[in-house]
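To start, the structure itself, in structure tokens.
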Amino acid sequence: MGIDPLTPGRAARILTVTALFALVVLVLTPLTGPVRIDLAKAWRGEFPDAQMFFAVRWPRTLLAMLSGGALALAGVLFQALLRDPLASPFTLGVSSGASLGAVLMIVLGVHSLLGLPALWAGAAAGAMAVLAVVITVAAEGRRVSSFTLLLAGVAVNSIASSLIMLLHNLASVGQSFAIVHWLMGNIDPVPAPVLTGLALVVLPVSAAACALGRHWNLLAVGEEWAAARGASPQRLLLAGYLAGSLLAAAVTAVTGPIGFVGLVVPHALRLLIGSDHRVLLPASFLAGGAFLALCDTAARTLLSVELPVSVVTALVGGPVFILLLRGRRRSLWM
Amino acid sequence: MRVQYELEGVGMRYDGAAVLENVTLRFPQPELVTLIGPNGAGKSTLLGIMAGLRRGFEGRCLLNGRSVDRWRRREFARLAAFVPQTLRFDFPFTAEQVVLMGRTPYAGGFFDSREDWQAVREAMEATDTALLASRDFRSLSGGERQRVMLAAALAQRPAALLLDEPAAFLDLHHQLMIYELLRRLAREGLLVIAVTHDVNLAASFAGRVVALRGGRVLADAAPCDALAAERIREVFGVPAEWLTRRDGKAWIAYGD
């Protein structure tokens with residue numbers, strides 16, 4: 001349970017279990033689908049099993065795991081720095097900014113930008129613009145606090161959302177379909193360089209956030225509390241906001257906004273293992289990745305048509321979460 | 001490790017209104033000092049400045065000769081620990097985890113050292129919170145929370161302890177227990193500065209009382225002078241009288 005002190009042994013136990021869970025998902029989800037894949041044949045490189053496994057389904061699972069992990073970890077960060085368990089990676093406007101950028105590209109009919117597909121480039125640019133505006137507004141005149149971050153973030157979020165609606169209103173029917181598709185969030189197959197680029201952002205930022213675990217504990221309790229225990233809340237707030245936003249922005253640029261992962265995974269884990277961010281962050285990354293990969297597998301196999309993955313994250317994650325809340329009094333594991 | 005505080009002409013304004021004006025105080029040696037005064041007298045602001053938590057004040061506030069806003073936070077936190085009045089958050093941290101946070105200024109590795117756990121255990125025993133260790137902090141009563149926060153500050157192994165109404169939510173037994181602990185710590189060499197509204201706790205336990213009103217120091221003396229009946233009337237606007245208990249100790253009665 002989450003009440004035991006965090007010893008190296010306990011941390012190892014928790015991370016081993018979550019890593020094994022993620023590993024099983026990593027191997028099993030690519031095997032699931034309308035066409036059966038023989039793992040042994042795929043391993044020996046036989047056609048078509050190897051191609052199906054390594055070139056088609058495996059990258060999709062990897063994208064889902066990277067995205068889910070980054071979103072869950074960003075959720076933990078935003079919850080800690082806003083001291084609000086209901087905060088999500090999207091609370092401070094990053095995903096609205098990304099969506100606005102992508103929608104703008106759709107409406108303008110731009111297909112490629114700086115050699116990148118315009119949707120991704122536009123979304124990344126939109127997210128970065130929001131990031132810059134929020135930090136400028138939150139830091140202006142006085143010191144950054146979770147309160148100024150929240151106010152600036154929520155305001156920018158609303159502005160971006162309204163602009164998206166405005167653009168949507170002006171769009172043609174074909175563009176409108178593309179906009180709705182983007183806004184629903186999807187784990188679509190992406191080329192290998194995009195996957196590599198995403199990993200190059202997500203993995204270092206996540207590792208850096210995990211290394212500061214002890215300090216997120218302080219910040220989650222209070223800014224003054226953190227300052228009086230020798231930490232700098234200003235720097236922590238900025239670092240946390242930047243890290244969380246980079247993660248959310250990188251993922252959203254590729255997949256569109258996928259909700260619920262950043263909210264439900266951290267909560268479920270807090271119920272199971274407690275709030276110590278030193279282990280909560282890495283565990284959220286692993287479990288969030290596995291969760292999104294499972295949801296994506298369900299989204300593409302449950303019905304004959306592929307469902308938007310964000311529908312599945314909410315429909316699967318919601319009830320699981322409610323069960324966890326109900327079972328909280330009975331002791332669980334670890 | 002000894003600490004000395006020197007405050008010279010310290011003032012603080014919020015939106016132009018002075019909440020603290022020209023406060024000059026010296027705390028050169030370990031002792032238990034209580035800070036009294038009516039609501040809005042500037043007690044918490046003064047404590048916050050001394051704890052390095054309020055920036056933009058006027059005058060000088062030196063800890064061991066160096067201005068409090070020039071210290072590196074980590075080093076500062078090893079010298080001076082601040083205990084807030086309350087703590088509210090929405091995450092399931094256990095009492096023990098909250099106390100362990102006091103060890104952050106010493107943190108070297110990713111995990112906690114044997115010394116960290118030793119400090120946590122001692123602090124929780126001293127504050128009578130060992131039995132609360134695995135309780136969710138949010139489920140604790142106001143008084144239990146205050147003792148856990150004090151334990152976190154003690155685990156910090158500071159030389160100065162700054163407390164904002166440490167007994168505000170405590171039952172009678174724990175009020176006395178905490179003030180006895182504070183007095184013992186002061187005798188062992190800590191500078192302990194506590195804001196309180198309880199003139200009797202201040203009179204029985206403190207070696208020195210600083211009375212504030214309207215952001216200014218009205219009295220800075222031993223309890224019998226700083227808390228004399230006419231002083232209490234001056235500071236709080238309330239009539240007071242020193243009574244003698246049957247065991248010979250003094251007791252301050254106030255009100256009509």
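We label chains A, B, ... in the order they appear in the structure tokens, count residues from 1 in each chain, and number ligands from 1 in the order shown.
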- For chain A against chain B, which residues fall within 10 Å using only C-alpha atoms, given as JSON, numbers by chain? {"A": [2, 3, 4, 5, 6, 7, 8, 11, 79, 80, 83, 84, 85, 86, 211, 212, 213, 214, 215, 217, 218, 220, 221, 222, 223, 224, 225, 226, 227, 228, 229, 230, 231, 232, 267, 270, 271, 273, 274, 275, 276, 278]}
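Residues of stretch 138-169 of chain A that DSSP, applied to the backbone, places in helix (DSSP H, G or I): Ala138, Ala139, Ser146, Phe147, Thr148, Leu149, Leu150, Leu151, Ala152, Gly153, Val154, Ala155, Val156, Asn157, Ser158, Ile159, Ala160, Ser161, Ser162, Leu163, Ile164, Met165, Leu166, Leu167, His168 and Asn169 of chain A.
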Could you save the residues just selected, with C-alpha atoms, as a PDB file, in the first residue's frame?
```pdb
ATOM      1  CA  ALA A 138       2.222  34.455 -15.389  1.00  0.00           C
ATOM      2  CA  ALA A 139       5.663  35.903 -14.719  1.00  0.00           C
ATOM      3  CA  SER A 146       0.596  28.266  -9.150  1.00  0.00           C
ATOM      4  CA  PHE A 147      -2.211  30.787  -8.999  1.00  0.00           C
ATOM      5  CA  THR A 148      -0.843  33.092 -11.722  1.00  0.00           C
ATOM      6  CA  LEU A 149       0.021  30.037 -13.847  1.00  0.00           C
ATOM      7  CA  LEU A 150      -3.511  28.737 -13.485  1.00  0.00           C
ATOM      8  CA  LEU A 151      -5.136  32.061 -14.334  1.00  0.00           C
ATOM      9  CA  ALA A 152      -2.914  32.651 -17.357  1.00  0.00           C
ATOM     10  CA  GLY A 153      -3.265  29.042 -18.527  1.00  0.00           C
ATOM     11  CA  VAL A 154      -7.036  28.917 -18.231  1.00  0.00           C
ATOM     12  CA  ALA A 155      -7.427  32.254 -20.006  1.00  0.00           C
ATOM     13  CA  VAL A 156      -5.179  31.219 -22.893  1.00  0.00           C
ATOM     14  CA  ASN A 157      -6.946  27.856 -23.042  1.00  0.00           C
ATOM     15  CA  SER A 158     -10.314  29.573 -23.492  1.00  0.00           C
ATOM     16  CA  ILE A 159      -8.993  31.944 -26.138  1.00  0.00           C
ATOM     17  CA  ALA A 160      -7.473  29.091 -28.136  1.00  0.00           C
ATOM     18  CA  SER A 161     -10.657  27.018 -27.844  1.00  0.00           C
ATOM     19  CA  SER A 162     -12.776  29.921 -29.089  1.00  0.00           C
ATOM     20  CA  LEU A 163     -10.433  30.482 -32.031  1.00  0.00           C
ATOM     21  CA  ILE A 164     -10.733  26.785 -32.906  1.00  0.00           C
ATOM     22  CA  MET A 165     -14.537  27.130 -32.949  1.00  0.00           C
ATOM     23  CA  LEU A 166     -14.257  30.249 -35.059  1.00  0.00           C
ATOM     24  CA  LEU A 167     -12.017  28.509 -37.602  1.00  0.00           C
ATOM     25  CA  HIS A 168     -14.257  25.453 -37.561  1.00  0.00           C
ATOM     26  CA  ASN A 169     -17.204  27.684 -38.334  1.00  0.00           C
TER      27      ASN A 169
END
```
- Task: Compile the contact shell of B:Val238 as number ranges by chain: residues with an atom at most 10 Å away, counting only C-alpha atoms, same-chain residues fewer than 4 positions apart removed.
- Result: B: 229-234, 254-256
Produce a file of the selected residues containing C-alpha atoms, as a CSV table (one decimal), in the first residue's frame.
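Contents of part_30.csv, as written:
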```csv
chain,number,residue,atom,x,y,z
B,229,ALA,CA,-1.3,44.4,33.1
B,230,GLU,CA,-0.9,47.9,31.6
B,231,ARG,CA,1.1,46.5,28.7
B,232,ILE,CA,-1.6,44.0,27.9
B,233,ARG,CA,-4.2,46.8,28.0
B,234,GLU,CA,-2.0,48.9,25.7
B,254,TYR,CA,-8.1,39.1,31.2
B,255,GLY,CA,-11.4,40.6,30.2
B,256,ASP,CA,-14.0,42.2,32.4
```
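Closest to A:Ala55 among A:Ile179, A:Pro266, A:Val190, A:Leu131 is A:Val190, based on only C-alpha atoms.
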- Message: Need the shell around B:Asn64: protein/DNA/RNA residues with any atom at most 9 Å away, counting only C-alpha atoms. Skip same-chain ones fewer than 6 positions apart. Format as a list in words?
- Response: Arg2, Val3, Gln4, Tyr5 and Glu6 of chain B
- Message: For B:Arg184, find every residue with an atom within 12 Å (counting only C-alpha atoms), except residues of its own chain fewer than 3 positions away, and show them as a PyMOL selection string.
- Response: chain B and resi 30-32+126+177-181+187-192+205-207
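You will find atom CA of A:Ala121 at 18.4 Å from atom CA of A:Val133.
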- List every residue of stretch 68-250 of chain A that DSSP, applied to the backbone, labels as strand (DSSP E), and write the result as an MDAnalysis selection string. chainID A and resid 112:113 116:117
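Take atom CA of A:Gly33 and atom CA of A:Pro189: the distance between them is 14.5 Å.
The space separating atom CA of B:Ala160 from atom CA of B:Leu185 comes to 9.8 Å.
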